[in-house]
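K.L.:
There's a structure below that I have some questions on.
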There are 2 protein chains.
Amino acid sequence: MIVRDFNRIVQEDRDRVVSDAQWTSVRMLLAGDGMGFSFHITILEAGSEHTFEYKNHFESVYCIEGRGRVTDLATGETHPIAPGVMYALNLHDRHRLRADEKLVMACCFNPPVTGTEVHREDGSYAAAEELREA
Amino acid sequence: MIVRDFNRIVQEDRDRVVSDAQWTSVRMLLAGDGMGFSFHITILEAGSEHTFEYKNHFESVYCIEGRGRVTDLATGETHPIAPGVMYALNLHDRHRLRADEKLVMACCFNPPVTGTEVHREDGSYAAAEELREA
């Protein structure tokens with residue numbers, strides 16, 4: 001059994017904390033944990049806006065705290081985000097997430113994030129294979 | 001993009017709500033959603049105690065709300081549960097979860113739960129294959 005505490009990771013295990021422009025992701029589980037998915041708590045700053053497209057991953061995002069909006073950039077449809085709302089990128093959907101308030105999101109990735117990915121300019125993570133080739 | 005709201009599911013989509021003795025699981029994502037994992041919000045009533053062993057699944061459990069304790073029944077070790085604490089059953093660990101307060105947990109399962117499983121007396125879910133054979 002693996003037991004980890006978000007608050008302890010933030011204080012003591014900064015290798016598991018990844019930040020980019022106005023977002024921070026705390027990796028509770030990564031590929032190396034052998035679960036077949038990764039699990040992150042991601043915090044997006046109030047007033048920030050983010051465009052993501054995970055071409056190589058499925059991701060689900062569950063709102064624990066805060067309010068915002070997610071726009072499916074293929075259809076133009078916008079959905080309100082509030083505690084209890086989940087969106088799942090089952091089509092690797094390119095999307096824009098706006099944090100009207102600070103958002104705290106629980107995110108699952110399949111395949112699991114290894115921890116070595118970087119967000120590319122197109123908003124995607126490279127697949128592990130592409131990273132090995134890079 | 002799939003968008004679902006916990007609060008709406010609880011009110012309007014009871015097929016996604018599964019209850020047993022003193023726990024309720026709201027299936028935000030199931031196998032049929034094609035994400036390769038399932039994602040559930042599970043609520044355990046204050047004062048309740050549960051023994052689970054997912055012999056056929058990996059599960060991670062992240063505490064959103066409430067306090068309790070989880071005991072690894074192989075080692076006897078007990079870990080406090082509070083908001084921000086996650087445990088992951090990477091060894092299909094048989095475990096006991098006590099809810100000292102009402103617990104709200106975000107749970108990921110791999111392989112994804114199909115929605116047709118039942119908890120067996122030993123605390124496991126049958127694998128999809130076993131259910132088909134049954």
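Letters for chains follow the order of the structure tokens (A, B, ...), residue numbers begin at 1 for each chain, and ligand numbers begin at 1 in the order shown.
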Please provide chain B as a compact mmCIF listing (two decimals) with N, CA, C and O atoms, in the first residue's frame, once it has been superposed on chain A by least squares across all sequentially paired Cα atoms.
P.N.:
# COMPACT_ATOMS: atom_id res chain seq x y z
N MET B 1 0.83 -1.20 0.02
CA MET B 1 -0.03 -0.01 0.02
C MET B 1 0.85 1.24 0.00
O MET B 1 1.80 1.33 0.79
N ILE B 2 0.56 2.12 -0.90
CA ILE B 2 1.25 3.41 -0.96
C ILE B 2 0.37 4.43 -0.23
O ILE B 2 -0.83 4.48 -0.48
N VAL B 3 0.96 5.21 0.67
CA VAL B 3 0.20 6.28 1.35
C VAL B 3 0.97 7.58 1.16
O VAL B 3 2.17 7.63 1.46
N ARG B 4 0.30 8.59 0.63
CA ARG B 4 0.96 9.89 0.43
C ARG B 4 0.01 11.01 0.83
O ARG B 4 -1.19 10.88 0.69
N ASP B 5 0.61 12.10 1.30
CA ASP B 5 -0.16 13.23 1.79
C ASP B 5 0.19 14.45 0.93
O ASP B 5 1.35 14.87 0.89
N PHE B 6 -0.81 14.98 0.28
CA PHE B 6 -0.64 16.18 -0.55
C PHE B 6 0.16 17.25 0.19
O PHE B 6 1.11 17.83 -0.34
N ASN B 7 -0.23 17.53 1.43
CA ASN B 7 0.39 18.64 2.17
C ASN B 7 1.85 18.36 2.48
O ASN B 7 2.69 19.26 2.46
N ARG B 8 2.15 17.10 2.74
CA ARG B 8 3.54 16.74 3.00
C ARG B 8 4.37 16.81 1.71
O ARG B 8 5.52 17.27 1.72
N ILE B 9 3.80 16.35 0.60
CA ILE B 9 4.52 16.42 -0.68
C ILE B 9 4.88 17.87 -0.99
O ILE B 9 6.00 18.20 -1.39
N VAL B 10 3.91 18.77 -0.80
CA VAL B 10 4.14 20.18 -1.13
C VAL B 10 5.31 20.74 -0.31
O VAL B 10 6.13 21.52 -0.79
N GLN B 11 5.41 20.28 0.95
CA GLN B 11 6.46 20.81 1.82
C GLN B 11 7.80 20.11 1.63
O GLN B 11 8.85 20.73 1.74
N GLU B 12 7.76 18.79 1.39
CA GLU B 12 8.99 18.01 1.54
C GLU B 12 9.46 17.27 0.30
O GLU B 12 10.54 16.71 0.29
N ASP B 13 8.63 17.18 -0.72
CA ASP B 13 8.95 16.28 -1.83
C ASP B 13 8.73 17.02 -3.14
O ASP B 13 7.91 16.65 -3.97
N ARG B 14 9.54 18.08 -3.32
CA ARG B 14 9.28 19.01 -4.42
C ARG B 14 9.49 18.36 -5.79
O ARG B 14 9.05 18.91 -6.81
N ASP B 15 10.15 17.21 -5.84
CA ASP B 15 10.29 16.51 -7.12
C ASP B 15 8.93 16.11 -7.67
O ASP B 15 8.79 15.87 -8.88
N ARG B 16 7.95 15.98 -6.80
CA ARG B 16 6.61 15.59 -7.23
C ARG B 16 5.72 16.80 -7.54
O ARG B 16 4.53 16.63 -7.80
N VAL B 17 6.28 18.00 -7.44
CA VAL B 17 5.50 19.22 -7.66
C VAL B 17 6.01 19.88 -8.93
O VAL B 17 7.18 20.22 -9.04
N VAL B 18 5.13 20.04 -9.89
CA VAL B 18 5.49 20.62 -11.18
C VAL B 18 4.67 21.89 -11.37
O VAL B 18 3.44 21.86 -11.20
N SER B 19 5.33 22.98 -11.71
CA SER B 19 4.61 24.23 -11.92
C SER B 19 4.91 24.76 -13.30
O SER B 19 5.98 24.55 -13.85
N ASP B 20 3.91 25.43 -13.85
CA ASP B 20 4.10 26.17 -15.09
C ASP B 20 3.37 27.49 -14.89
O ASP B 20 3.05 27.85 -13.76
N ALA B 21 3.10 28.19 -15.97
CA ALA B 21 2.48 29.51 -15.84
C ALA B 21 1.12 29.38 -15.15
O ALA B 21 0.16 28.89 -15.74
N GLN B 22 1.05 29.78 -13.92
CA GLN B 22 -0.21 29.88 -13.17
C GLN B 22 -0.91 28.55 -12.91
O GLN B 22 -2.11 28.52 -12.65
N TRP B 23 -0.20 27.45 -12.99
CA TRP B 23 -0.74 26.19 -12.49
C TRP B 23 0.36 25.37 -11.83
O TRP B 23 1.54 25.51 -12.16
N THR B 24 -0.05 24.54 -10.88
CA THR B 24 0.85 23.66 -10.15
C THR B 24 0.20 22.29 -10.08
O THR B 24 -0.98 22.18 -9.77
N SER B 25 0.97 21.26 -10.37
CA SER B 25 0.45 19.90 -10.34
C SER B 25 1.25 19.08 -9.34
O SER B 25 2.48 19.04 -9.40
N VAL B 26 0.56 18.47 -8.40
CA VAL B 26 1.20 17.63 -7.39
C VAL B 26 0.92 16.18 -7.77
O VAL B 26 -0.23 15.75 -7.81
N ARG B 27 1.98 15.46 -8.09
CA ARG B 27 1.85 14.10 -8.59
C ARG B 27 1.76 13.13 -7.42
O ARG B 27 2.76 12.76 -6.84
N MET B 28 0.54 12.71 -7.14
CA MET B 28 0.30 11.77 -6.05
C MET B 28 0.71 10.36 -6.47
O MET B 28 1.18 9.57 -5.66
N LEU B 29 0.47 10.03 -7.75
CA LEU B 29 0.86 8.73 -8.32
C LEU B 29 1.41 8.96 -9.70
O LEU B 29 0.82 9.73 -10.48
N LEU B 30 2.51 8.30 -10.02
CA LEU B 30 3.10 8.38 -11.35
C LEU B 30 3.23 6.97 -11.93
O LEU B 30 2.93 5.97 -11.26
N ALA B 31 3.70 6.91 -13.16
CA ALA B 31 3.79 5.61 -13.85
C ALA B 31 4.58 4.60 -13.02
O ALA B 31 4.21 3.42 -12.94
N GLY B 32 5.64 5.06 -12.39
CA GLY B 32 6.51 4.16 -11.64
C GLY B 32 5.82 3.47 -10.47
O GLY B 32 6.34 2.49 -9.93
N ASP B 33 4.66 3.97 -10.07
CA ASP B 33 3.93 3.34 -8.97
C ASP B 33 3.17 2.09 -9.41
O ASP B 33 2.64 1.37 -8.57
N GLY B 34 3.11 1.87 -10.72
CA GLY B 34 2.58 0.60 -11.22
C GLY B 34 1.08 0.42 -11.12
O GLY B 34 0.59 -0.70 -11.12
N MET B 35 0.34 1.54 -11.04
CA MET B 35 -1.12 1.45 -10.93
C MET B 35 -1.79 1.42 -12.31
O MET B 35 -2.99 1.16 -12.41
N GLY B 36 -1.04 1.78 -13.35
CA GLY B 36 -1.62 1.83 -14.69
C GLY B 36 -2.32 3.14 -15.00
O GLY B 36 -2.87 3.32 -16.09
N PHE B 37 -2.30 4.07 -14.06
CA PHE B 37 -2.79 5.44 -14.28
C PHE B 37 -1.95 6.33 -13.38
O PHE B 37 -1.27 5.85 -12.46
N SER B 38 -1.96 7.63 -13.65
CA SER B 38 -1.37 8.55 -12.68
C SER B 38 -2.46 9.43 -12.12
O SER B 38 -3.54 9.58 -12.73
N PHE B 39 -2.21 9.99 -10.94
CA PHE B 39 -3.22 10.77 -10.23
C PHE B 39 -2.55 12.02 -9.69
O PHE B 39 -1.53 11.93 -8.99
N HIS B 40 -3.10 13.16 -10.04
CA HIS B 40 -2.49 14.44 -9.71
C HIS B 40 -3.53 15.35 -9.07
O HIS B 40 -4.70 15.32 -9.46
N ILE B 41 -3.10 16.18 -8.15
CA ILE B 41 -3.93 17.29 -7.68
C ILE B 41 -3.35 18.55 -8.32
O ILE B 41 -2.17 18.87 -8.10
N THR B 42 -4.16 19.20 -9.12
CA THR B 42 -3.68 20.34 -9.89
C THR B 42 -4.42 21.60 -9.45
O THR B 42 -5.64 21.59 -9.30
N ILE B 43 -3.64 22.65 -9.23
CA ILE B 43 -4.18 23.93 -8.75
C ILE B 43 -3.94 24.97 -9.83
O ILE B 43 -2.82 25.12 -10.32
N LEU B 44 -5.02 25.65 -10.21
CA LEU B 44 -4.93 26.68 -11.25
C LEU B 44 -5.28 28.01 -10.60
O LEU B 44 -6.30 28.13 -9.91
N GLU B 45 -4.45 28.98 -10.82
CA GLU B 45 -4.62 30.26 -10.11
C GLU B 45 -5.84 31.03 -10.60
O GLU B 45 -6.19 30.97 -11.78
N ALA B 46 -6.46 31.74 -9.67
CA ALA B 46 -7.63 32.56 -10.00
C ALA B 46 -7.28 33.53 -11.12
O ALA B 46 -6.21 34.16 -11.09
N GLY B 47 -8.15 33.61 -12.10
CA GLY B 47 -7.96 34.55 -13.20
C GLY B 47 -7.13 33.99 -14.33
O GLY B 47 -6.94 34.66 -15.35
N SER B 48 -6.63 32.77 -14.19
CA SER B 48 -5.77 32.22 -15.24
C SER B 48 -6.58 31.45 -16.28
O SER B 48 -7.73 31.05 -16.04
N GLU B 49 -5.97 31.25 -17.43
CA GLU B 49 -6.62 30.59 -18.56
C GLU B 49 -5.57 29.69 -19.22
O GLU B 49 -4.42 30.10 -19.39
N HIS B 50 -5.98 28.48 -19.58
CA HIS B 50 -5.03 27.46 -20.02
C HIS B 50 -5.59 26.70 -21.20
O HIS B 50 -6.76 26.31 -21.17
N THR B 51 -4.78 26.48 -22.20
CA THR B 51 -5.19 25.65 -23.33
C THR B 51 -4.35 24.37 -23.30
O THR B 51 -3.12 24.42 -23.26
N PHE B 52 -5.05 23.24 -23.26
CA PHE B 52 -4.39 21.94 -23.17
C PHE B 52 -4.94 21.02 -24.25
O PHE B 52 -6.11 21.11 -24.64
N GLU B 53 -4.09 20.13 -24.68
CA GLU B 53 -4.54 19.07 -25.60
C GLU B 53 -3.62 17.87 -25.37
O GLU B 53 -2.45 17.91 -25.77
N TYR B 54 -4.14 16.87 -24.72
CA TYR B 54 -3.33 15.69 -24.41
C TYR B 54 -3.52 14.67 -25.52
O TYR B 54 -4.37 13.80 -25.45
N LYS B 55 -2.70 14.82 -26.55
CA LYS B 55 -2.87 13.98 -27.73
C LYS B 55 -2.60 12.52 -27.44
O LYS B 55 -3.07 11.64 -28.16
N ASN B 56 -1.81 12.27 -26.41
CA ASN B 56 -1.36 10.91 -26.15
C ASN B 56 -1.93 10.33 -24.86
O ASN B 56 -1.54 9.24 -24.46
N HIS B 57 -2.80 11.06 -24.21
CA HIS B 57 -3.34 10.62 -22.92
C HIS B 57 -4.85 10.85 -22.90
O HIS B 57 -5.37 11.77 -23.50
N PHE B 58 -5.53 10.00 -22.12
CA PHE B 58 -6.88 10.31 -21.66
C PHE B 58 -6.73 10.96 -20.29
O PHE B 58 -5.95 10.49 -19.45
N GLU B 59 -7.50 12.00 -20.04
CA GLU B 59 -7.46 12.65 -18.73
C GLU B 59 -8.88 12.91 -18.25
O GLU B 59 -9.72 13.37 -19.03
N SER B 60 -9.12 12.63 -16.97
CA SER B 60 -10.36 13.11 -16.33
C SER B 60 -9.98 14.13 -15.26
O SER B 60 -8.93 14.03 -14.63
N VAL B 61 -10.85 15.13 -15.10
CA VAL B 61 -10.57 16.25 -14.21
C VAL B 61 -11.81 16.50 -13.36
O VAL B 61 -12.88 16.83 -13.90
N TYR B 62 -11.68 16.32 -12.06
CA TYR B 62 -12.82 16.48 -11.14
C TYR B 62 -12.58 17.71 -10.28
O TYR B 62 -11.52 17.85 -9.64
N CYS B 63 -13.54 18.61 -10.23
CA CYS B 63 -13.37 19.86 -9.47
C CYS B 63 -13.68 19.62 -7.99
O CYS B 63 -14.80 19.28 -7.63
N ILE B 64 -12.65 19.83 -7.16
CA ILE B 64 -12.82 19.74 -5.71
C ILE B 64 -13.20 21.11 -5.15
O ILE B 64 -14.01 21.21 -4.23
N GLU B 65 -12.63 22.16 -5.73
CA GLU B 65 -12.80 23.49 -5.14
C GLU B 65 -12.68 24.54 -6.25
O GLU B 65 -11.86 24.38 -7.15
N GLY B 66 -13.49 25.58 -6.15
CA GLY B 66 -13.37 26.71 -7.06
C GLY B 66 -14.38 26.70 -8.19
O GLY B 66 -15.12 25.73 -8.37
N ARG B 67 -14.39 27.79 -8.95
CA ARG B 67 -15.32 27.92 -10.07
C ARG B 67 -14.58 28.39 -11.31
O ARG B 67 -13.61 29.13 -11.22
N GLY B 68 -15.05 27.91 -12.45
CA GLY B 68 -14.44 28.29 -13.71
C GLY B 68 -15.28 27.81 -14.87
O GLY B 68 -16.49 27.57 -14.72
N ARG B 69 -14.64 27.65 -16.01
CA ARG B 69 -15.32 27.23 -17.24
C ARG B 69 -14.35 26.42 -18.08
O ARG B 69 -13.17 26.76 -18.14
N VAL B 70 -14.89 25.40 -18.76
CA VAL B 70 -14.06 24.67 -19.71
C VAL B 70 -14.75 24.76 -21.08
O VAL B 70 -15.97 24.59 -21.18
N THR B 71 -13.96 25.04 -22.10
CA THR B 71 -14.48 25.15 -23.46
C THR B 71 -13.86 24.05 -24.32
O THR B 71 -12.63 23.90 -24.36
N ASP B 72 -14.72 23.31 -24.97
CA ASP B 72 -14.30 22.31 -25.96
C ASP B 72 -13.98 23.09 -27.24
O ASP B 72 -14.88 23.67 -27.86
N LEU B 73 -12.72 23.12 -27.63
CA LEU B 73 -12.34 23.98 -28.75
C LEU B 73 -12.74 23.39 -30.10
O LEU B 73 -12.68 24.09 -31.11
N ALA B 74 -13.16 22.13 -30.11
CA ALA B 74 -13.68 21.56 -31.36
C ALA B 74 -15.11 22.01 -31.62
O ALA B 74 -15.50 22.30 -32.75
N THR B 75 -15.91 22.09 -30.56
CA THR B 75 -17.34 22.40 -30.71
C THR B 75 -17.66 23.84 -30.31
O THR B 75 -18.74 24.34 -30.65
N GLY B 76 -16.78 24.46 -29.55
CA GLY B 76 -17.05 25.80 -29.04
C GLY B 76 -17.92 25.82 -27.80
O GLY B 76 -18.17 26.88 -27.22
N GLU B 77 -18.37 24.64 -27.37
CA GLU B 77 -19.27 24.58 -26.22
C GLU B 77 -18.50 24.85 -24.92
O GLU B 77 -17.40 24.34 -24.73
N THR B 78 -19.12 25.63 -24.04
CA THR B 78 -18.50 25.94 -22.74
C THR B 78 -19.36 25.37 -21.62
O THR B 78 -20.59 25.47 -21.65
N HIS B 79 -18.71 24.74 -20.66
CA HIS B 79 -19.40 24.13 -19.52
C HIS B 79 -18.91 24.80 -18.24
O HIS B 79 -17.70 24.96 -18.05
N PRO B 80 -19.82 25.13 -17.33
CA PRO B 80 -19.37 25.68 -16.05
C PRO B 80 -18.68 24.62 -15.20
O PRO B 80 -19.07 23.45 -15.21
N ILE B 81 -17.66 25.03 -14.49
CA ILE B 81 -16.91 24.18 -13.56
C ILE B 81 -17.20 24.66 -12.14
O ILE B 81 -17.10 25.85 -11.86
N ALA B 82 -17.57 23.71 -11.30
CA ALA B 82 -17.84 24.01 -9.89
C ALA B 82 -17.56 22.71 -9.13
O ALA B 82 -17.41 21.65 -9.75
N PRO B 83 -17.50 22.76 -7.82
CA PRO B 83 -17.24 21.53 -7.07
C PRO B 83 -18.25 20.44 -7.44
O PRO B 83 -19.46 20.68 -7.47
N GLY B 84 -17.72 19.25 -7.76
CA GLY B 84 -18.57 18.13 -8.16
C GLY B 84 -18.65 17.92 -9.66
O GLY B 84 -19.13 16.88 -10.10
N VAL B 85 -18.20 18.89 -10.44
CA VAL B 85 -18.23 18.74 -11.90
C VAL B 85 -16.94 18.07 -12.37
O VAL B 85 -15.85 18.42 -11.92
N MET B 86 -17.09 17.10 -13.24
CA MET B 86 -15.95 16.41 -13.87
C MET B 86 -16.04 16.54 -15.38
O MET B 86 -17.12 16.45 -15.93
N TYR B 87 -14.89 16.78 -16.00
CA TYR B 87 -14.85 16.60 -17.45
C TYR B 87 -13.79 15.56 -17.78
O TYR B 87 -12.81 15.42 -17.05
N ALA B 88 -14.06 14.82 -18.85
CA ALA B 88 -13.17 13.73 -19.25
C ALA B 88 -12.88 13.90 -20.73
O ALA B 88 -13.79 14.06 -21.56
N LEU B 89 -11.59 13.87 -21.06
CA LEU B 89 -11.13 14.14 -22.42
C LEU B 89 -11.01 12.81 -23.15
O LEU B 89 -9.92 12.31 -23.42
N ASN B 90 -12.19 12.25 -23.45
CA ASN B 90 -12.24 10.90 -24.06
C ASN B 90 -11.87 10.94 -25.53
O ASN B 90 -11.62 9.89 -26.13
N LEU B 91 -11.85 12.13 -26.11
CA LEU B 91 -11.47 12.28 -27.52
C LEU B 91 -10.16 13.07 -27.62
O LEU B 91 -9.90 13.68 -28.65
N HIS B 92 -9.37 13.06 -26.52
CA HIS B 92 -8.14 13.86 -26.47
C HIS B 92 -8.46 15.32 -26.83
O HIS B 92 -7.69 16.01 -27.50
N ASP B 93 -9.61 15.76 -26.36
CA ASP B 93 -10.17 17.04 -26.77
C ASP B 93 -9.25 18.22 -26.45
O ASP B 93 -8.83 18.40 -25.31
N ARG B 94 -9.01 19.02 -27.45
CA ARG B 94 -8.32 20.30 -27.21
C ARG B 94 -9.32 21.20 -26.49
O ARG B 94 -10.48 21.31 -26.90
N HIS B 95 -8.87 21.84 -25.41
CA HIS B 95 -9.82 22.57 -24.57
C HIS B 95 -9.15 23.75 -23.88
O HIS B 95 -7.91 23.80 -23.76
N ARG B 96 -9.99 24.67 -23.45
CA ARG B 96 -9.50 25.84 -22.71
C ARG B 96 -10.16 25.84 -21.34
O ARG B 96 -11.40 25.73 -21.25
N LEU B 97 -9.36 25.95 -20.32
CA LEU B 97 -9.86 25.96 -18.94
C LEU B 97 -9.61 27.35 -18.36
O LEU B 97 -8.48 27.84 -18.36
N ARG B 98 -10.69 27.96 -17.88
CA ARG B 98 -10.57 29.28 -17.24
C ARG B 98 -10.87 29.11 -15.75
O ARG B 98 -11.89 28.51 -15.40
N ALA B 99 -10.02 29.67 -14.92
CA ALA B 99 -10.22 29.63 -13.47
C ALA B 99 -10.76 31.00 -13.04
O ALA B 99 -10.01 31.96 -12.92
N ASP B 100 -12.08 31.08 -12.85
CA ASP B 100 -12.64 32.35 -12.35
C ASP B 100 -12.25 32.54 -10.89
O ASP B 100 -12.06 33.65 -10.42
N GLU B 101 -12.16 31.40 -10.17
CA GLU B 101 -11.59 31.37 -8.83
C GLU B 101 -10.45 30.36 -8.86
O GLU B 101 -10.33 29.59 -9.81
N LYS B 102 -9.67 30.31 -7.81
CA LYS B 102 -8.64 29.26 -7.73
C LYS B 102 -9.32 27.91 -7.85
O LYS B 102 -10.29 27.63 -7.14
N LEU B 103 -8.83 27.06 -8.75
CA LEU B 103 -9.39 25.73 -8.94
C LEU B 103 -8.47 24.68 -8.34
O LEU B 103 -7.25 24.74 -8.54
N VAL B 104 -9.06 23.74 -7.63
CA VAL B 104 -8.34 22.55 -7.13
C VAL B 104 -8.99 21.35 -7.81
O VAL B 104 -10.18 21.10 -7.61
N MET B 105 -8.21 20.64 -8.62
CA MET B 105 -8.75 19.59 -9.47
C MET B 105 -8.03 18.27 -9.20
O MET B 105 -6.80 18.24 -9.04
N ALA B 106 -8.81 17.19 -9.19
CA ALA B 106 -8.25 15.84 -9.07
C ALA B 106 -8.23 15.24 -10.47
O ALA B 106 -9.27 15.09 -11.11
N CYS B 107 -7.03 14.88 -10.95
CA CYS B 107 -6.84 14.49 -12.35
C CYS B 107 -6.27 13.08 -12.44
O CYS B 107 -5.31 12.75 -11.75
N CYS B 108 -6.88 12.27 -13.32
CA CYS B 108 -6.36 10.93 -13.61
C CYS B 108 -5.89 10.90 -15.06
O CYS B 108 -6.62 11.37 -15.94
N PHE B 109 -4.73 10.31 -15.28
CA PHE B 109 -4.19 10.18 -16.64
C PHE B 109 -3.96 8.71 -16.99
O PHE B 109 -3.42 7.94 -16.19
N ASN B 110 -4.35 8.36 -18.20
CA ASN B 110 -4.04 7.06 -18.78
C ASN B 110 -3.56 7.30 -20.21
O ASN B 110 -4.28 7.92 -20.99
N PRO B 111 -2.39 6.82 -20.63
CA PRO B 111 -1.42 6.12 -19.78
C PRO B 111 -0.89 7.03 -18.68
O PRO B 111 -0.99 8.26 -18.79
N PRO B 112 -0.33 6.45 -17.64
CA PRO B 112 0.15 7.28 -16.54
C PRO B 112 1.27 8.20 -16.97
O PRO B 112 2.12 7.83 -17.77
N VAL B 113 1.26 9.40 -16.42
CA VAL B 113 2.36 10.33 -16.62
C VAL B 113 3.58 9.78 -15.88
O VAL B 113 3.46 9.24 -14.78
N THR B 114 4.74 9.89 -16.53
CA THR B 114 5.96 9.35 -15.92
C THR B 114 6.62 10.36 -14.99
O THR B 114 7.41 9.98 -14.12
N GLY B 115 6.31 11.63 -15.18
CA GLY B 115 6.96 12.68 -14.40
C GLY B 115 8.06 13.38 -15.17
O GLY B 115 8.58 14.40 -14.72
N THR B 116 8.39 12.85 -16.34
CA THR B 116 9.46 13.49 -17.13
C THR B 116 8.91 14.27 -18.32
O THR B 116 9.66 14.92 -19.04
N GLU B 117 7.58 14.21 -18.53
CA GLU B 117 7.00 14.92 -19.66
C GLU B 117 7.11 16.44 -19.46
O GLU B 117 7.14 16.92 -18.33
N VAL B 118 7.09 17.14 -20.54
CA VAL B 118 6.95 18.59 -20.48
C VAL B 118 5.74 18.98 -21.33
O VAL B 118 5.41 18.30 -22.30
N HIS B 119 5.06 20.05 -20.93
CA HIS B 119 4.00 20.58 -21.77
C HIS B 119 4.66 21.21 -22.99
O HIS B 119 5.57 22.03 -22.87
N ARG B 120 4.20 20.81 -24.15
CA ARG B 120 4.74 21.37 -25.37
C ARG B 120 3.93 22.60 -25.75
O ARG B 120 2.88 22.88 -25.17
N GLU B 121 4.43 23.30 -26.75
CA GLU B 121 3.77 24.56 -27.11
C GLU B 121 2.33 24.35 -27.55
O GLU B 121 1.50 25.24 -27.45
N ASP B 122 2.04 23.16 -28.07
CA ASP B 122 0.67 22.90 -28.52
C ASP B 122 -0.24 22.46 -27.38
O ASP B 122 -1.38 22.10 -27.60
N GLY B 123 0.27 22.48 -26.15
CA GLY B 123 -0.58 22.14 -25.00
C GLY B 123 -0.63 20.66 -24.69
O GLY B 123 -1.36 20.23 -23.81
N SER B 124 0.15 19.85 -25.40
CA SER B 124 0.13 18.40 -25.16
C SER B 124 1.31 17.99 -24.29
O SER B 124 2.27 18.74 -24.08
N TYR B 125 1.24 16.78 -23.77
CA TYR B 125 2.42 16.09 -23.26
C TYR B 125 2.89 15.17 -24.37
O TYR B 125 2.07 14.53 -25.03
N ALA B 126 4.19 15.03 -24.53
CA ALA B 126 4.70 14.01 -25.44
C ALA B 126 4.39 12.64 -24.86
O ALA B 126 4.33 12.47 -23.64
N ALA B 127 4.19 11.67 -25.70
CA ALA B 127 4.08 10.29 -25.22
C ALA B 127 5.45 9.86 -24.71
O ALA B 127 6.49 10.39 -25.12
N ALA B 128 5.46 8.89 -23.80
CA ALA B 128 6.74 8.42 -23.25
C ALA B 128 7.67 7.98 -24.38
O ALA B 128 8.87 8.22 -24.35
N GLU B 129 7.10 7.36 -25.42
CA GLU B 129 7.90 6.88 -26.54
C GLU B 129 8.60 8.05 -27.24
O GLU B 129 9.76 7.98 -27.57
N GLU B 130 7.84 9.14 -27.45
CA GLU B 130 8.42 10.29 -28.14
C GLU B 130 9.55 10.89 -27.31
O GLU B 130 10.55 11.34 -27.84
N LEU B 131 9.37 10.89 -25.98
CA LEU B 131 10.41 11.47 -25.13
C LEU B 131 11.67 10.64 -25.20
O LEU B 131 12.76 11.15 -25.21
N ARG B 132 11.48 9.33 -25.24
CA ARG B 132 12.66 8.48 -25.32
C ARG B 132 13.41 8.71 -26.63
O ARG B 132 14.63 8.66 -26.67
N GLU B 133 12.64 9.01 -27.67
CA GLU B 133 13.27 9.24 -28.97
C GLU B 133 13.95 10.61 -29.03
O GLU B 133 14.83 10.82 -29.82
N ALA B 134 13.48 11.53 -28.19
CA ALA B 134 13.93 12.92 -28.30
C ALA B 134 15.37 13.06 -27.78
O ALA B 134 15.85 12.22 -27.04
K.L.:
Assign secondary structure with DSSP using the backbone only, and return the residues of chain A in strand (DSSP E) as number ranges by chain.
P.N.:
A: 2-5, 17-20, 23-29, 38-44, 49-52, 58-65, 68-72, 78-81, 85-88, 95-99, 103-110
